[in-house]
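Below: one structure, written as structure tokens.
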Amino acid sequence: MTALAALPATVASPGWAQDLLDPTRLRSSRVGADALPSRSNRPPGWVGPDYASSMASAVTSAILSLVRAYGNTADQIGKLQAEEKQLTDKLNEAIRNKAAILDEYRQGLFCSGCGRTKSDIISKGEQFPHSGQSIIKPTPEQIAAKERELQQGIDRLAQQLSEAKAKLAKLSPDIDAIRSQLFEGMGLWRTATSMERGILRQEFAFDAQDYVQQRTVISRQIDTVIKEAAVAQTIPALQACITDARTWADALDKCEDRLTRDRATLNTGLTNNDNTAQRQTANVQSVANEVAAKITAFGLAGYLNILTTLMGRGTDGSSIAGAGYTFRMGKYDPAGFGEILPRVAEFISRASSLIIGTAPGYNTSASQELARLDRALGQMEPRLAAAVELRRQQEAAAALERQQEEARRQAEAQARELERQQSPLPGSGS
């Protein structure tokens, strides 16, 4: 504003022009009583972006806990699967051996000295029967006793196999519950990260509404200043216009600066949201990969390898589709199946009810407003200079007149004094 800067600052900018945020103080003493609105348009109960980011952090911690629980459960399943296979092989072998051993017993194919069967002795590279011994045929009682002995081993293996299968059956619901909770957790994490971005964007929309309201007030005041500047003739009127012009130009600069800061706050918040989401995703994937590498159970490791594909945040829109309603923040016990935590329910309710508006803009740029003000004040400069010059001439003429009057009075006084001195004194006889 060249012309504005060139005009004499005969009246200092009032103190109330220094605070853009105080609507009771920022107003022109001449232009009107309009006030710049403050940031009071947040609805009751409004929560900031920290509310959502803290939930995302808590959900990430719970997901990590579930990943580790998944790994521990899968490890137990892997061990039980190996034990089941081993016991099944032993049981099948024991059943086959029983049939073969009893067949040999019935045929009398065992040594009278050691009581071992022919196949057992031959498998050790020994002579059957042993030297000095004979091949004997057992009695029915001996065959029955041998069958009971072999069956006891089979029954013991069958019991161990049944117990291993029962443990596996008990762990299966746990692994399914953990998977379900991991899926729900990913949904709640997406809801939280999307909600944080939505809050940031809506807060900027609130601030942009403030900006438009403030610009409307400032523009109206500038219009009034320009109209009054066009007809101002006296020095006080011209100086008042200059003061008001500087006041509202400063208010406009502050309004623009605040919008710039608000936009920077939005962009910084969105960038931090992206960076934090990437760190949380990478942390979950790192732990999931570490846990998956130790899992031996068939088909269970692959789920963890693709886990973080579910953590991608949704696109920015005008609303948020809340997900993760039944996430239990790390718990997965069957007794609590279907439980809805009040904290989670409230969070999703807030997220789902968040309506994200579009930030409005103002139809005239600040530079255009300042250019209008600059042109008006540029036209006012010659009138102010002429008024100042006229006042100087008037004051000089008045001073000269006062000097002349004073000289006349002094001359008259001197004449009276001279006359008095020349007049004869009374009684002198002159």
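Residues in the structure tokens are named by chain (A, B, ... in the order shown) and by number from 1 within that chain; ligands are numbered from 1 in the order shown.
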
Quick one: contact table of range 232-322 of chain A to range 169-190 of chain A, 10 Å max, nearest atom pair and distance in Å to one decimal per residue, counting only C-alpha atoms, chain and number order, as CSV?
residue,atom,partner,partner_atom,distance
A:Ala277,CA,A:Trp189,CA,9.2
A:Gln280,CA,A:Trp189,CA,9.9
A:Leu300,CA,A:Ile175,CA,9.1
A:Tyr303,CA,A:Arg179,CA,8.6
A:Leu304,CA,A:Arg179,CA,9.5
A:Leu307,CA,A:Leu182,CA,8.5
A:Thr308,CA,A:Met186,CA,8.2
A:Thr309,CA,A:Met186,CA,9.4
A:Leu310,CA,A:Met186,CA,6.1
A:Met311,CA,A:Met186,CA,5.5
A:Gly312,CA,A:Arg190,CA,6.9
A:Arg313,CA,A:Arg190,CA,5.0
A:Gly314,CA,A:Arg190,CA,6.7
A:Ile320,CA,A:Arg190,CA,9.8
A:Ala321,CA,A:Arg190,CA,9.6
A:Gly322,CA,A:Leu188,CA,7.3

request  = List every residue of range 202-377 of chain A that DSSP, applied to the backbone, labels as alpha helix (DSSP H), and write the result as a PyMOL selection string.
outcome  = chain A and resi 202-231+235-292+301-305+342-353+366-377

task = Find the residues near range 349-354 of chain A: any atom within 9 Å, counting only C-alpha atoms, skip ones fewer than 4 places away on the same chain, and give them as a PyMOL selection string.
result = chain A and resi 52+191-192+194-195+198-199+202+318-322+344-345

Restricted to N, CA, C and O atoms, what would the selected residues look like written as a PDB file, in the first residue's frame?
ATOM      1  N   ALA A  52      -8.939 -39.198  18.533  1.00  0.00           N
ATOM      2  CA  ALA A  52      -8.871 -40.297  17.566  1.00  0.00           C
ATOM      3  C   ALA A  52      -7.482 -40.911  17.505  1.00  0.00           C
ATOM      4  O   ALA A  52      -7.339 -42.138  17.418  1.00  0.00           O
ATOM      5  N   THR A 191     -11.024 -46.913  11.369  1.00  0.00           N
ATOM      6  CA  THR A 191     -11.982 -45.900  11.813  1.00  0.00           C
ATOM      7  C   THR A 191     -11.273 -44.772  12.552  1.00  0.00           C
ATOM      8  O   THR A 191     -11.550 -43.592  12.324  1.00  0.00           O
ATOM      9  N   ALA A 192     -10.337 -45.132  13.443  1.00  0.00           N
ATOM     10  CA  ALA A 192      -9.646 -44.114  14.251  1.00  0.00           C
ATOM     11  C   ALA A 192      -8.777 -43.215  13.392  1.00  0.00           C
ATOM     12  O   ALA A 192      -8.775 -41.990  13.554  1.00  0.00           O
ATOM     13  N   SER A 194      -9.036 -42.629  10.173  1.00  0.00           N
ATOM     14  CA  SER A 194      -9.898 -41.825   9.313  1.00  0.00           C
ATOM     15  C   SER A 194     -10.589 -40.721  10.104  1.00  0.00           C
ATOM     16  O   SER A 194     -10.761 -39.598   9.618  1.00  0.00           O
ATOM     17  N   MET A 195     -10.975 -41.029  11.337  1.00  0.00           N
ATOM     18  CA  MET A 195     -11.634 -40.024  12.168  1.00  0.00           C
ATOM     19  C   MET A 195     -10.680 -38.879  12.492  1.00  0.00           C
ATOM     20  O   MET A 195     -11.078 -37.709  12.496  1.00  0.00           O
ATOM     21  N   GLY A 198     -10.611 -36.742   9.587  1.00  0.00           N
ATOM     22  CA  GLY A 198     -11.880 -36.043   9.460  1.00  0.00           C
ATOM     23  C   GLY A 198     -11.988 -34.874  10.431  1.00  0.00           C
ATOM     24  O   GLY A 198     -12.489 -33.799  10.076  1.00  0.00           O
ATOM     25  N   ILE A 199     -11.541 -35.080  11.669  1.00  0.00           N
ATOM     26  CA  ILE A 199     -11.574 -33.999  12.658  1.00  0.00           C
ATOM     27  C   ILE A 199     -10.678 -32.854  12.213  1.00  0.00           C
ATOM     28  O   ILE A 199     -11.050 -31.667  12.317  1.00  0.00           O
ATOM     29  N   GLN A 202     -12.474 -31.037   9.432  1.00  0.00           N
ATOM     30  CA  GLN A 202     -13.643 -30.292   9.893  1.00  0.00           C
ATOM     31  C   GLN A 202     -13.227 -29.073  10.708  1.00  0.00           C
ATOM     32  O   GLN A 202     -13.860 -28.015  10.620  1.00  0.00           O
ATOM     33  N   SER A 318     -16.942 -37.285   3.128  1.00  0.00           N
ATOM     34  CA  SER A 318     -17.755 -36.397   3.955  1.00  0.00           C
ATOM     35  C   SER A 318     -18.247 -37.077   5.220  1.00  0.00           C
ATOM     36  O   SER A 318     -18.813 -36.425   6.096  1.00  0.00           O
ATOM     37  N   SER A 319     -18.050 -38.388   5.338  1.00  0.00           N
ATOM     38  CA  SER A 319     -18.470 -39.119   6.529  1.00  0.00           C
ATOM     39  C   SER A 319     -17.556 -40.334   6.722  1.00  0.00           C
ATOM     40  O   SER A 319     -16.752 -40.662   5.859  1.00  0.00           O
ATOM     41  N   ILE A 320     -17.700 -40.975   7.888  1.00  0.00           N
ATOM     42  CA  ILE A 320     -16.854 -42.120   8.236  1.00  0.00           C
ATOM     43  C   ILE A 320     -17.749 -43.313   8.535  1.00  0.00           C
ATOM     44  O   ILE A 320     -18.673 -43.215   9.357  1.00  0.00           O
ATOM     45  N   ALA A 321     -17.506 -44.422   7.855  1.00  0.00           N
ATOM     46  CA  ALA A 321     -18.246 -45.659   8.117  1.00  0.00           C
ATOM     47  C   ALA A 321     -17.536 -46.396   9.249  1.00  0.00           C
ATOM     48  O   ALA A 321     -16.501 -47.014   9.044  1.00  0.00           O
ATOM     49  N   GLY A 322     -18.074 -46.292  10.453  1.00  0.00           N
ATOM     50  CA  GLY A 322     -17.421 -46.887  11.620  1.00  0.00           C
ATOM     51  C   GLY A 322     -17.350 -48.399  11.519  1.00  0.00           C
ATOM     52  O   GLY A 322     -18.333 -49.062  11.206  1.00  0.00           O
ATOM     53  N   VAL A 344     -15.471 -48.404  23.125  1.00  0.00           N
ATOM     54  CA  VAL A 344     -15.464 -48.610  21.670  1.00  0.00           C
ATOM     55  C   VAL A 344     -16.783 -48.158  21.065  1.00  0.00           C
ATOM     56  O   VAL A 344     -16.811 -47.514  20.005  1.00  0.00           O
ATOM     57  N   ALA A 345     -17.894 -48.489  21.733  1.00  0.00           N
ATOM     58  CA  ALA A 345     -19.206 -48.101  21.213  1.00  0.00           C
ATOM     59  C   ALA A 345     -19.330 -46.587  21.122  1.00  0.00           C
ATOM     60  O   ALA A 345     -19.829 -46.044  20.129  1.00  0.00           O
TER      61      ALA A 345
END

key: Top pick for closest residue to Ala282 in chain A, considering A:Ile218, A:Val47, A:Leu64, A:Leu157 and counting only C-alpha atoms   =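 Among A:Ile218, A:Val47, A:Leu64, A:Leu157, it is A:Leu64 that comes nearest to Ala282 in chain A.
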
query = Any idea what's packed within 9 Å of Thr234 in chain A, counting only C-alpha atoms, ignoring anything in its chain fewer than 6 positions away? Could you give it as a list in words?
reply =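 Neighbouring residues, sequence-local ones excluded: Arg383, Leu384 and Ala387 of chain A.
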
request  = Determine, counting only C-alpha atoms, which protein, DNA and RNA residues have an atom within 12 Å of an atom of Glu93 in chain A; residues of the same chain fewer than 4 positions away are not included. Present the result as an NGL selection string.
outcome  = :A and (86-89 or 97-101 or 150 or 153-154 or 157-158)

May I have the residues from that selection written out with C-alpha atoms, as a CSV table (one decimal), in the first residue's frame?
chain,number,residue,atom,x,y,z
A,86,GLN,CA,3.6,-89.1,16.2
A,87,LEU,CA,1.0,-90.8,18.4
A,88,THR,CA,-1.1,-91.8,15.3
A,89,ASP,CA,2.0,-93.4,13.7
A,97,ASN,CA,2.8,-105.3,15.6
A,98,LYS,CA,0.1,-106.8,17.8
A,99,ALA,CA,-1.3,-108.7,14.8
A,100,ALA,CA,2.1,-109.9,13.7
A,101,ILE,CA,3.3,-110.9,17.2
A,150,LEU,CA,0.0,-105.7,23.6
A,153,GLY,CA,0.2,-100.4,24.9
A,154,ILE,CA,-2.4,-99.8,22.2
A,157,LEU,CA,-1.3,-94.7,22.9
A,158,ALA,CA,-5.0,-94.3,22.0

request  = If you run DSSP over the backbone, which residues in range 111-306 of chain A end up strand (DSSP E or B)? Put them as a PyMOL selection string.
outcome  = chain A and resi 111+117+135-136

key: Close residues, Met329 in chain A itself excluded, 10 Å, only C-alpha atoms, min 2 positions apart in chain, as a count of residues only   = 20

ask   = Of the candidates A:Cys111, A:Tyr105, A:Glu163, A:Ile235, which one gets nearest to Glu389 in chain A if we count only C-alpha atoms?
value =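 So, comparing all the options, the nearest one is A:Ile235.
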
Given only C-alpha atoms, how would the per-residue table for range 368-387 of chain A near range 245-255 of chain A read, listing every residue at most 9 Å away with its closest atom pair and distance in Å to one decimal, sorted by chain and number, as a Markdown table?
| residue | atom | partner | partner_atom | distance |
| --- | --- | --- | --- | --- |
| A:Glu369 | CA | A:Ala249 | CA | 8.8 |
| A:Leu370 | CA | A:Ala249 | CA | 6.9 |
| A:Leu373 | CA | A:Ala245 | CA | 7.3 |
| A:Leu377 | CA | A:Ala245 | CA | 8.3 |

Can you write out the residues you just picked, keeping N, CA and C atoms, as an mmCIF file, in the first residue's frame?
data_model
loop_
_atom_site.group_PDB
_atom_site.id
_atom_site.type_symbol
_atom_site.label_atom_id
_atom_site.label_comp_id
_atom_site.auth_asym_id
_atom_site.auth_seq_id
_atom_site.Cartn_x
_atom_site.Cartn_y
_atom_site.Cartn_z
ATOM 1 N N GLU A 369 -8.670 -6.198 -2.006
ATOM 2 C CA GLU A 369 -9.176 -5.281 -0.980
ATOM 3 C C GLU A 369 -8.150 -4.201 -0.674
ATOM 4 N N LEU A 370 -6.907 -4.597 -0.505
ATOM 5 C CA LEU A 370 -5.860 -3.637 -0.177
ATOM 6 C C LEU A 370 -5.611 -2.680 -1.346
ATOM 7 N N LEU A 373 -8.243 -0.017 -1.235
ATOM 8 C CA LEU A 373 -7.940 0.918 -0.148
ATOM 9 C C LEU A 373 -6.759 1.811 -0.521
ATOM 10 N N LEU A 377 -6.879 5.937 -0.805
ATOM 11 C CA LEU A 377 -6.006 6.765 0.031
ATOM 12 C C LEU A 377 -5.019 7.551 -0.816
#

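CA of Ile348 in chain A sits 28.9 Å away from CA of Gly71 in chain A.
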
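Relative to CA of Leu80 in chain A, CA of Asn92 in chain A is found at 17.9 Å.
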
message = With distances taken over only C-alpha atoms, which residue among A:Asp223, A:Asp120, A:Asp50, A:Glu203 lies nearest Asn272 in chain A?
response = A:Asp50

key: Leu109 in chain A surroundings by only C-alpha atoms, 8 Å radius, close-in-sequence under 6 positions cut, as a PyMOL selection string   = chain A and resi 117-118+135-137

Just to be explicit: take each residue in the selection above, keep all heavy atoms, and write the result as a compact mmCIF listing (two decimals), in the first residue's frame.
# COMPACT_ATOMS: atom_id res chain seq x y z
N THR A 117 10.07 -113.42 19.98
CA THR A 117 9.53 -113.98 18.75
C THR A 117 10.64 -114.15 17.73
O THR A 117 11.72 -113.56 17.83
CB THR A 117 8.44 -113.08 18.16
OG1 THR A 117 9.04 -111.83 17.79
CG2 THR A 117 7.31 -112.84 19.15
N LYS A 118 10.31 -114.98 16.72
CA LYS A 118 11.27 -115.27 15.67
C LYS A 118 11.69 -114.00 14.92
O LYS A 118 12.86 -113.75 14.68
CB LYS A 118 10.66 -116.29 14.69
CG LYS A 118 11.54 -116.56 13.47
CD LYS A 118 10.86 -117.55 12.54
CE LYS A 118 11.72 -117.78 11.30
NZ LYS A 118 11.04 -118.72 10.35
N ILE A 135 11.94 -124.28 19.57
CA ILE A 135 10.78 -123.48 19.18
C ILE A 135 9.57 -124.06 19.90
O ILE A 135 9.30 -125.25 19.79
CB ILE A 135 10.57 -123.52 17.66
CG1 ILE A 135 11.79 -122.94 16.95
CG2 ILE A 135 9.30 -122.76 17.26
CD1 ILE A 135 11.74 -123.08 15.44
N ILE A 136 8.89 -123.17 20.63
CA ILE A 136 7.78 -123.68 21.43
C ILE A 136 6.49 -123.01 20.99
O ILE A 136 6.48 -121.92 20.43
CB ILE A 136 8.01 -123.47 22.93
CG1 ILE A 136 8.11 -121.96 23.24
CG2 ILE A 136 9.26 -124.19 23.40
CD1 ILE A 136 8.17 -121.68 24.73
N LYS A 137 5.40 -123.68 21.28
CA LYS A 137 4.08 -123.15 20.99
C LYS A 137 3.43 -122.78 22.30
O LYS A 137 3.37 -123.60 23.21
CB LYS A 137 3.24 -124.19 20.23
CG LYS A 137 1.90 -123.67 19.78
CD LYS A 137 1.21 -124.74 18.93
CE LYS A 137 -0.11 -124.19 18.41
NZ LYS A 137 -0.80 -125.21 17.56
